[in-house]
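Undergrad: You'll find input08.txt just under this line, and it carries compact mmCIF, C-alpha atoms.
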# COMPACT_ATOMS: atom_id res chain seq x y z
CA MET A 1 79.37 24.11 106.66
CA LYS A 2 79.12 27.50 105.00
CA ARG A 3 75.58 28.77 104.67
CA LYS A 4 74.58 29.19 101.05
CA LYS A 5 73.99 32.81 100.11
CA PRO A 6 70.51 33.44 98.68
CA SER A 7 70.43 34.01 94.93
CA LEU A 8 69.80 37.45 93.50
CA LEU A 9 67.52 37.85 90.52
CA GLY A 10 69.27 39.94 87.88
CA ILE A 11 66.63 42.39 86.58
CA ASP A 12 67.38 44.64 83.61
CA ILE A 13 64.82 47.39 82.88
CA SER A 14 65.46 48.57 79.33
CA SER A 15 63.43 50.95 77.14
CA THR A 16 61.21 48.18 75.74
CA SER A 17 61.25 45.22 78.14
CA VAL A 18 61.96 43.81 81.58
CA LYS A 19 64.50 40.96 81.55
CA ILE A 20 65.06 38.49 84.41
CA VAL A 21 67.95 36.02 84.88
CA GLU A 22 68.56 33.76 87.89
CA LEU A 23 71.80 31.77 88.12
CA SER A 24 73.22 29.16 90.47
CA LYS A 25 76.85 28.07 90.86
CA THR A 26 78.00 24.60 89.74
CA ASP A 27 81.33 22.78 89.99
CA THR A 28 82.14 23.82 86.41
CA GLY A 29 80.62 27.29 86.26
CA TYR A 30 77.03 28.54 86.28
CA ARG A 31 73.57 27.15 85.68
CA VAL A 32 70.60 29.17 84.39
CA GLU A 33 67.78 28.53 86.87
CA SER A 34 65.13 30.85 85.47
CA LEU A 35 64.68 33.40 82.74
CA ALA A 36 61.99 35.70 81.35
CA VAL A 37 61.61 38.66 79.00
CA GLU A 38 58.41 40.72 79.23
CA PRO A 39 57.62 43.66 76.88
CA LEU A 40 56.91 47.04 78.42
CA PRO A 41 54.00 49.30 77.44
CA ALA A 42 54.97 52.10 75.06
CA ASN A 43 56.62 55.06 76.84
CA ALA A 44 56.78 53.34 80.27
CA VAL A 45 60.56 53.84 79.99
CA ALA A 46 62.12 56.55 77.79
CA GLU A 47 65.84 56.26 76.99
CA LYS A 48 66.33 54.09 80.09
CA ASN A 49 64.58 56.56 82.41
CA ILE A 50 61.45 55.12 84.09
CA GLN A 51 58.40 57.28 83.34
CA ASP A 52 55.66 55.02 84.76
CA VAL A 53 56.69 53.03 87.85
CA ASP A 54 53.34 51.19 88.12
CA ALA A 55 53.38 50.03 84.49
CA VAL A 56 56.96 48.75 84.80
CA GLY A 57 56.02 47.04 88.09
CA GLU A 58 53.08 45.26 86.40
CA SER A 59 55.39 44.03 83.62
CA LEU A 60 57.86 42.78 86.23
CA ILE A 61 55.06 40.83 87.97
CA LYS A 62 54.25 39.15 84.62
CA ALA A 63 57.94 38.40 83.98
CA LEU A 64 58.31 36.85 87.45
CA LYS A 65 55.30 34.62 86.86
CA LYS A 66 56.67 33.58 83.47
CA SER A 67 60.11 32.80 84.96
CA GLY A 68 58.76 30.57 87.74
CA SER A 69 61.43 31.93 90.10
CA LYS A 70 60.80 31.89 93.85
CA CYS A 71 63.68 34.29 94.50
CA LYS A 72 62.75 37.41 96.53
CA LEU A 73 66.02 39.37 96.38
CA THR A 74 67.18 41.29 93.35
CA ALA A 75 70.07 43.19 91.80
CA LEU A 76 69.18 46.13 89.54
CA ALA A 77 71.24 48.63 87.54
CA VAL A 78 71.05 52.30 86.61
CA PRO A 79 72.24 53.44 83.15
CA GLY A 80 75.67 54.99 82.83
CA SER A 81 74.15 58.27 81.65
CA SER A 82 72.61 58.78 85.12
CA VAL A 83 75.80 58.01 87.07
CA ILE A 84 78.89 60.07 87.82
CA THR A 85 82.04 58.01 88.41
CA LYS A 86 85.44 59.33 89.41
CA VAL A 87 88.68 57.73 90.57
CA ILE A 88 90.24 59.58 93.52
CA THR A 89 93.25 58.79 95.71
CA MET A 90 93.05 58.33 99.48
CA PRO A 91 95.66 57.48 102.14
CA SER A 92 96.13 53.70 102.28
CA SER A 93 96.27 53.81 106.11
CA LEU A 94 92.54 54.62 106.44
CA THR A 95 90.06 51.97 107.60
CA ASP A 96 86.86 51.53 105.57
CA ALA A 97 84.89 53.53 108.15
CA GLU A 98 87.46 56.36 108.15
CA MET A 99 87.50 56.37 104.35
CA GLU A 100 83.70 56.57 104.19
CA THR A 101 83.72 59.59 106.54
CA GLN A 102 86.48 61.29 104.56
CA ILE A 103 84.74 60.68 101.21
CA GLU A 104 81.48 62.11 102.51
CA LEU A 105 83.34 65.21 103.69
CA GLU A 106 85.03 65.67 100.30
CA ALA A 107 82.32 64.35 97.96
CA ASP A 108 80.95 67.79 97.10
CA GLN A 109 84.28 68.50 95.31
CA TYR A 110 83.53 65.70 92.85
CA ILE A 111 79.72 65.50 92.65
CA PRO A 112 77.78 68.51 91.27
CA TYR A 113 74.59 67.76 93.27
CA PRO A 114 73.72 68.31 96.95
CA LEU A 115 74.67 65.19 98.91
CA GLU A 116 71.12 64.78 100.26
CA GLU A 117 69.91 64.30 96.63
CA ILE A 118 72.29 61.48 95.70
CA ASN A 119 73.13 57.87 96.45
CA LEU A 120 76.90 57.50 96.78
CA ASP A 121 79.14 54.46 97.02
CA PHE A 122 82.84 53.70 96.62
CA GLN A 123 85.18 50.79 95.99
CA VAL A 124 88.90 50.59 96.70
CA LEU A 125 90.59 49.58 93.43
CA GLY A 126 94.08 49.01 94.84
CA GLU A 127 97.40 50.72 95.47
CA THR A 128 98.10 53.85 93.41
CA GLU A 129 100.72 53.13 90.77
CA GLY A 130 104.08 54.45 91.96
CA ASN A 131 102.82 55.45 95.42
CA PRO A 132 102.37 52.76 98.11
CA ASP A 133 101.03 55.37 100.59
CA THR A 134 97.77 55.92 98.67
CA VAL A 135 95.04 53.80 97.12
CA ASP A 136 92.83 54.48 94.09
CA VAL A 137 89.16 54.64 95.02
CA LEU A 138 86.27 54.52 92.54
CA LEU A 139 83.41 56.87 93.50
CA ALA A 140 79.97 56.33 91.96
CA ALA A 141 77.03 58.64 92.52
CA SER A 142 73.53 58.85 91.08
CA ARG A 143 70.53 61.05 91.77
CA SER A 144 68.47 59.28 94.44
CA GLU A 145 65.35 59.33 92.22
CA ASN A 146 67.10 57.06 89.65
CA VAL A 147 67.76 54.48 92.37
CA GLU A 148 64.41 54.90 94.14
CA MET A 149 62.34 54.40 90.97
CA ARG A 150 64.03 51.07 90.31
CA THR A 151 63.70 49.85 93.88
CA ALA A 152 60.01 50.93 93.82
CA VAL A 153 59.43 48.75 90.74
CA ALA A 154 60.96 45.79 92.59
CA GLU A 155 58.72 46.45 95.61
CA ILE A 156 55.56 46.44 93.45
CA ALA A 157 56.51 42.89 92.43
CA GLY A 158 57.16 41.85 96.06
CA LEU A 159 60.95 41.89 95.69
CA THR A 160 63.69 43.49 97.77
CA ALA A 161 66.54 45.24 95.95
CA LYS A 162 69.81 44.24 97.64
CA ILE A 163 72.13 45.77 95.03
CA VAL A 164 71.85 48.69 92.64
CA ASP A 165 74.75 48.52 90.20
CA VAL A 166 75.82 50.52 87.13
CA GLU A 167 75.02 48.97 83.74
CA ALA A 168 78.58 49.32 82.43
CA TYR A 169 79.99 47.35 85.37
CA THR A 170 77.43 44.57 84.93
CA ILE A 171 78.51 44.27 81.30
CA GLU A 172 82.14 44.15 82.47
CA LYS A 173 81.18 41.23 84.73
CA ALA A 174 79.31 39.29 82.04
CA THR A 175 82.03 39.89 79.44
CA SER A 176 84.32 37.48 81.31
CA LEU A 177 82.00 34.73 80.01
CA ILE A 178 81.91 35.62 76.30
CA THR A 179 85.43 35.89 74.91
CA GLY A 180 86.12 32.17 75.02
CA ARG A 181 89.73 32.84 75.93
CA PRO A 182 91.51 33.27 79.26
CA VAL A 183 93.77 36.27 79.78
CA ASN A 184 97.12 34.68 78.86
CA THR A 185 100.59 35.61 80.00
CA ASP A 186 103.42 36.11 77.62
CA GLU A 187 105.85 33.26 78.33
CA ASP A 188 108.93 35.34 77.55
CA ASN A 189 108.50 38.07 80.12
CA ASP A 190 105.53 37.03 82.30
CA GLU A 191 103.83 40.34 81.50
CA PRO A 192 100.06 39.98 81.03
CA GLU A 193 99.13 39.94 77.37
CA THR A 194 96.71 42.80 76.72
CA PHE A 195 93.32 41.78 75.37
CA VAL A 196 90.87 44.59 74.61
CA ILE A 197 87.23 43.82 73.81
CA ALA A 198 84.67 46.44 72.77
CA VAL A 199 81.14 45.48 73.82
CA LEU A 200 78.52 47.36 71.80
CA ASP A 201 75.11 47.05 73.47
CA VAL A 202 72.65 48.19 70.79
CA GLY A 203 69.18 48.39 72.33
CA ALA A 204 65.90 49.86 71.12
CA THR A 205 66.74 53.54 71.65
CA MET A 206 70.25 53.68 73.18
CA THR A 207 73.62 52.22 72.30
CA SER A 208 76.46 51.89 74.79
CA LEU A 209 80.11 51.12 74.12
CA ASN A 210 81.95 49.45 76.99
CA VAL A 211 85.63 48.74 76.43
CA ILE A 212 87.14 46.08 78.66
CA GLU A 213 90.89 45.47 78.89
CA ASN A 214 91.94 42.23 80.62
CA ASN A 215 88.54 41.99 82.37
CA GLU A 216 88.61 45.62 83.55
CA LEU A 217 86.30 48.37 82.26
CA ILE A 218 88.42 51.21 80.87
CA TYR A 219 85.95 53.26 78.82
CA THR A 220 82.20 53.70 78.45
CA ARG A 221 80.01 55.91 76.28
CA GLU A 222 76.27 56.07 75.53
CA GLN A 223 74.31 57.77 72.81
CA ALA A 224 70.90 57.64 71.15
CA PHE A 225 70.75 54.98 68.41
CA GLY A 226 68.89 51.70 68.26
CA GLY A 227 66.45 49.27 66.76
CA LYS A 228 63.53 51.66 67.19
CA GLN A 229 64.83 53.47 64.09
CA LEU A 230 64.40 50.27 62.08
CA THR A 231 60.89 49.69 63.51
CA GLU A 232 59.88 53.27 62.65
CA GLU A 233 61.18 52.89 59.08
CA ILE A 234 59.10 49.68 58.72
CA MET A 235 56.04 51.60 60.00
CA ARG A 236 56.61 54.44 57.56
CA ARG A 237 57.39 52.23 54.56
CA TYR A 238 54.53 49.75 54.99
CA GLY A 239 51.89 51.80 56.83
CA LEU A 240 51.90 49.64 59.97
CA ALA A 241 51.22 50.38 63.63
CA TYR A 242 54.35 50.44 65.84
CA GLU A 243 53.57 47.17 67.66
CA GLU A 244 52.84 45.33 64.40
CA ALA A 245 56.02 46.68 62.79
CA GLY A 246 58.03 45.47 65.80
CA ARG A 247 56.39 42.03 65.68
CA LEU A 248 56.97 41.50 61.93
CA LYS A 249 60.56 42.71 62.32
CA LYS A 250 61.15 39.81 64.75
CA VAL A 251 59.06 36.99 63.22
CA GLY A 252 59.23 37.84 59.50
CA GLY A 253 56.41 38.28 56.99
CA LEU A 254 57.37 41.67 55.56
CA PRO A 255 57.33 42.30 51.77
CA ASP A 256 60.19 41.05 49.55
CA ASN A 257 61.79 44.48 49.27
CA TYR A 258 62.21 44.72 53.09
CA ILE A 259 65.67 43.15 53.22
CA PRO A 260 67.39 45.06 50.37
CA GLU A 261 65.60 48.40 50.85
CA VAL A 262 65.10 48.66 54.63
CA LEU A 263 67.14 46.09 56.60
CA GLU A 264 70.42 46.34 54.65
CA PRO A 265 70.61 50.17 54.92
CA PHE A 266 69.93 49.87 58.67
CA LYS A 267 72.74 47.30 59.00
CA GLU A 268 75.09 49.67 57.11
CA ASN A 269 74.06 52.49 59.46
CA MET A 270 74.69 50.25 62.49
CA ALA A 271 78.17 49.37 61.21
CA GLN A 272 78.90 53.09 60.76
CA GLN A 273 77.71 53.76 64.34
CA VAL A 274 80.05 51.04 65.66
CA SER A 275 82.95 52.57 63.73
CA ARG A 276 82.10 56.05 65.08
CA PHE A 277 81.93 54.78 68.67
CA LEU A 278 85.36 53.18 68.30
CA GLN A 279 86.81 56.39 66.87
CA PHE A 280 85.63 58.26 69.99
CA PHE A 281 87.41 55.63 72.09
CA TYR A 282 90.66 55.79 70.08
CA THR A 283 90.64 59.60 70.27
CA ALA A 284 90.16 59.52 74.04
CA GLY A 285 93.08 57.44 75.16
CA GLN A 286 95.94 55.05 74.94
CA HIS A 287 94.57 52.59 72.36
CA GLU A 288 94.57 52.59 68.58
CA SER A 289 92.80 49.26 68.13
CA VAL A 290 90.75 46.58 69.87
CA ASN A 291 91.17 42.81 69.62
CA MET A 292 87.50 41.95 69.38
CA ILE A 293 84.01 43.46 69.08
CA ALA A 294 81.12 41.77 70.89
CA LEU A 295 77.61 42.78 69.84
CA ALA A 296 74.95 42.78 72.56
CA GLY A 297 71.40 44.09 72.85
CA GLY A 298 68.37 43.29 70.68
CA CYS A 299 69.98 44.52 67.45
CA ALA A 300 72.79 41.95 67.79
CA SER A 301 70.24 39.33 66.66
CA ILE A 302 69.94 40.87 63.16
CA PRO A 303 71.17 38.13 60.78
CA GLY A 304 74.63 38.76 59.37
CA ILE A 305 75.36 41.96 61.31
CA ASP A 306 78.50 40.43 62.87
CA GLU A 307 79.94 39.48 59.45
CA LEU A 308 79.16 42.93 58.02
CA ILE A 309 80.91 44.76 60.88
CA ALA A 310 83.89 42.36 60.81
CA SER A 311 84.37 42.87 57.06
CA GLN A 312 83.97 46.66 57.18
CA LEU A 313 86.15 47.28 60.25
CA GLY A 314 88.61 44.39 59.90
CA ILE A 315 88.07 43.36 63.55
CA GLU A 316 86.91 39.94 64.76
CA THR A 317 83.23 40.40 65.70
CA ILE A 318 81.11 38.00 67.76
CA ILE A 319 77.53 37.92 69.00
CA ALA A 320 77.61 38.08 72.81
CA ASN A 321 76.26 34.95 74.49
CA PRO A 322 77.24 34.79 78.18
CA PHE A 323 75.25 31.55 78.57
CA ALA A 324 77.08 29.48 75.93
CA GLU A 325 78.94 27.31 78.48
CA MET A 326 76.22 27.24 81.16
CA ASP A 327 73.99 24.36 82.20
CA LEU A 328 70.23 24.98 81.95
CA SER A 329 67.50 24.01 84.38
CA SER A 330 64.58 22.04 82.94
CA LYS A 331 62.28 25.07 83.05
CA VAL A 332 64.54 27.18 80.79
CA ASN A 333 63.70 27.05 77.09
CA SER A 334 67.07 26.68 75.35
CA GLN A 335 65.80 28.13 72.05
CA ALA A 336 64.34 31.22 73.76
CA LEU A 337 67.60 31.67 75.70
CA SER A 338 69.67 31.39 72.53
CA ASN A 339 67.49 33.99 70.74
CA ASP A 340 67.55 36.46 73.64
CA ALA A 341 71.13 35.87 74.87
CA PRO A 342 72.73 39.04 73.36
CA ALA A 343 70.03 41.19 75.02
CA LEU A 344 70.58 39.56 78.43
CA MET A 345 74.15 40.72 79.16
CA ILE A 346 73.10 43.23 81.83
CA ALA A 347 70.63 40.84 83.51
CA CYS A 348 73.29 38.11 83.48
CA GLY A 349 75.96 40.39 84.99
CA LEU A 350 73.49 41.39 87.72
CA ALA A 351 72.62 37.75 88.49
CA MET A 352 76.36 37.04 88.84
CA ARG A 353 76.43 39.47 91.79
CA SER A 354 74.89 36.59 93.82
CA PHE A 355 78.36 35.06 94.08
CA ASP A 356 80.51 38.08 95.03
As a first step, turn the structure in this file into structure tokens.
TA:
Amino acid sequence: MKRKKPSLLGIDISSTSVKIVELSKTDTGYRVESLAVEPLPANAVAEKNIQDVDAVGESLIKALKKSGSKCKLTALAVPGSSVITKVITMPSSLTDAEMETQIELEADQYIPYPLEEINLDFQVLGETEGNPDTVDVLLAASRSENVEMRTAVAEIAGLTAKIVDVEAYTIEKATSLITGRPVNTDEDNDEPETFVIAVLDVGATMTSLNVIENNELIYTREQAFGGKQLTEEIMRRYGLAYEEAGRLKKVGGLPDNYIPEVLEPFKENMAQQVSRFLQFFYTAGQHESVNMIALAGGCASIPGIDELIASQLGIETIIANPFAEMDLSSKVNSQALSNDAPALMIACGLAMRSFD
């Protein structure tokens, strides 16, 4: 019998919260074993960069307790803005060990930091198109401090980080669960039918666009925009403290003019941001359109935002829910999962690394 691999807790450290997802494999797909979202103290993380390791560690301890998970191994991710990725070609005759040596010798050509200051990894993508003698290799490098701060947070909570991934690639992984359609083949010529989905992860302070073509990440971009702008406008308009503004934004109870005068303009702004992100993508490459937009992150839960974007851009728009087809363990609150699902894409993609 094959020994079962231990599960990895997917832990996403965003600007405002720590999110935990634990999955197991079933005959039909996945099962959500445990789940938790724990708010972070103000300024513990700024634009996805950890400022206070101890404070984030304390929040992770609370999240672990809330989740009820007994898992001790974890997968974490660094934001795309702190990672350099590059596809290079290498001779296909090299063994993995030879390739690792060669890449370390040549890495300073591609990475603008001293090698002793970075964490570097690579993955062979496959044969170079039109040249069977070489393979395409994806290099990924991040400053060691970005990796070490996240692993230090895990250690405070008594966890061991087995994997440190890149957020964009975790979203790529989780996106395979949300389109509701397999990648079809065209019956006439057996060529794969191209399906391009743009995943917009709109968090509190940062938005990322990740474009995935036939389950493969082809483009990613991050910039400052998020739900914090809406919270700050609520504070300004109604004279509230930041925490109270954030709470009322989620649970309701704001004055009658909130929706027409504050929320609707923010939704319009968000739709414009989505359009702008897509224009950057179209300008950069081979595509002039996408088949679908999937909204992720906390702002995806704003009522009606999917319909507004679909009507303004003329593109089918869905709210990302990677858990829609999953079984749930008895300790997972289905309503809480449904509410938080769009914000759990990264944590879900990390938890899926258990089964690689």
Undergrad: Could you name the residues that touch Thr175 in chain A at 9 Å or less, counting all atoms listed in the file, but leaving out those on the same chain fewer than 5 positions away, as number ranges by chain?
TA: A: 170, 197, 199, 212, 215, 294, 320, 322, 345, 349
Undergrad: Could you tell me which of A:Ala157, A:Leu40, A:Ile103, A:Met149 comes closest to Leu115 in chain A if we count all atoms listed in the file?
TA: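 Checking each of A:Ala157, A:Leu40, A:Ile103, A:Met149 against Leu115 in chain A, counting all atoms listed in the file, the winner is A:Ile103.
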Undergrad: With distances taken over all atoms listed in the file, which residue among A:Ala347, A:Ile302, A:Ala42, A:Leu328 lies nearest Val78 in chain A?
TA: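 Smallest separation from Val78 in chain A among the options: A:Ala347.
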Undergrad: How many Å separate CA of Thr151 in chain A from CA of Ile13 in chain A?
TA: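 For CA of Thr151 in chain A relative to CA of Ile13 in chain A, the distance reads 11.3 Å.
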Undergrad: Set the distance at 10 Å and use only C-alpha atoms: which residues neighbour range 85-95 of chain A once local chain neighbours fewer than 5 positions away are removed? I'd like the list as a PyMOL selection string.
TA: chain A and resi 80+100-103+110-111+120-128+131-142+166
Undergrad: For Asp52 in chain A, which residue among A:Cys299, A:Lys173, A:Val153, A:Leu209 is the nearest when counting all atoms listed in the file?
TA: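 Result for the nearest residue to Asp52 in chain A: A:Val153.
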Undergrad: Please report, as JSON lines, each residue of range 187-233 of chain A lying at most 10 Å from range 14-19 of chain A, together with the nearest pair of atoms and the separation in Å rounded to one decimal; use all atoms listed in the file, and order rows by chain and ascending residue number.
TA:
{"residue": "A:Gly203", "atom": "CA", "partner": "A:Ser15", "partner_atom": "CA", "distance": 7.9}
{"residue": "A:Ala204", "atom": "CA", "partner": "A:Ser15", "partner_atom": "CA", "distance": 6.6}
{"residue": "A:Thr205", "atom": "CA", "partner": "A:Ser15", "partner_atom": "CA", "distance": 6.9}
{"residue": "A:Met206", "atom": "CA", "partner": "A:Ser15", "partner_atom": "CA", "distance": 8.3}
{"residue": "A:Lys228", "atom": "CA", "partner": "A:Thr16", "partner_atom": "CA", "distance": 9.5}
Undergrad: I'd like the interatomic distance between CA of Leu23 in chain A and CA of Cys348 in chain A, to a tenth of an Å.
TA: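 Spanning CA of Leu23 in chain A to CA of Cys348 in chain A is a straight-line distance of 8.0 Å.
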Undergrad: Between A:Val211, A:Ile319, A:Leu350, A:Val251, which has the minimum distance to Phe195 in chain A (counting all atoms listed in the file)?
TA: A:Val211
Undergrad: Kindly give the distance, in Å, that separates CA of Arg150 in chain A and CA of Ser34 in chain A, rounded to a single decimal.
TA: 20.8 Å
Undergrad: For Glu47 in chain A, which residue among A:Ser81, A:Ile305, A:Ala310, A:Ile178 is the nearest when counting only C-alpha atoms?
TA: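 Under the stated criterion, the closest residue is A:Ser81.
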Undergrad: Pick out the closest residue to Ile84 in chain A from this set: A:Tyr113, A:Tyr242, A:Phe266, A:Tyr258. Count all atoms listed in the file.
TA: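 Ranking A:Tyr113, A:Tyr242, A:Phe266, A:Tyr258 by distance to Ile84 in chain A, first place goes to A:Tyr113.
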Undergrad: Could you please give me, as a list in words, the residues of protein, DNA or RNA lying at most 10 Å from (84.9, 51.9, 65.4) in the coordinate frame of the file, considering all atoms listed in the file?
TA: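 The answer, in the requested form, is Ala198, Leu209, Ala271, Gln272, Gln273, Val274, Ser275, Arg276, Phe277, Leu278, Gln279, Phe280, Phe281, Tyr282, Ser289, Val290, Ile293, Ile309, Gln312, Leu313 and Ile315 of chain A.
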Undergrad: Produce the centre coordinates and the three edge lengths, each in Å to one decimal, of the box along x, y and z that contains all listed atoms of range 37-48 of chain A with 4 Å added on each side, as AutoDock Vina command-line options.
TA:
--center_x 60.2 --center_y 47.6 --center_z 77.7 --size_x 20.3 --size_y 25.9 --size_z 13.2
Undergrad: Which residues, written as a VMD selection string, have at least one atom at most 10 Å from Val332 in chain A, with all atoms listed in the file counted and residues fewer than 4 positions away on the same chain left out?
TA: chain A and resid 32 to 36 67 to 68 327 to 328 336 to 337
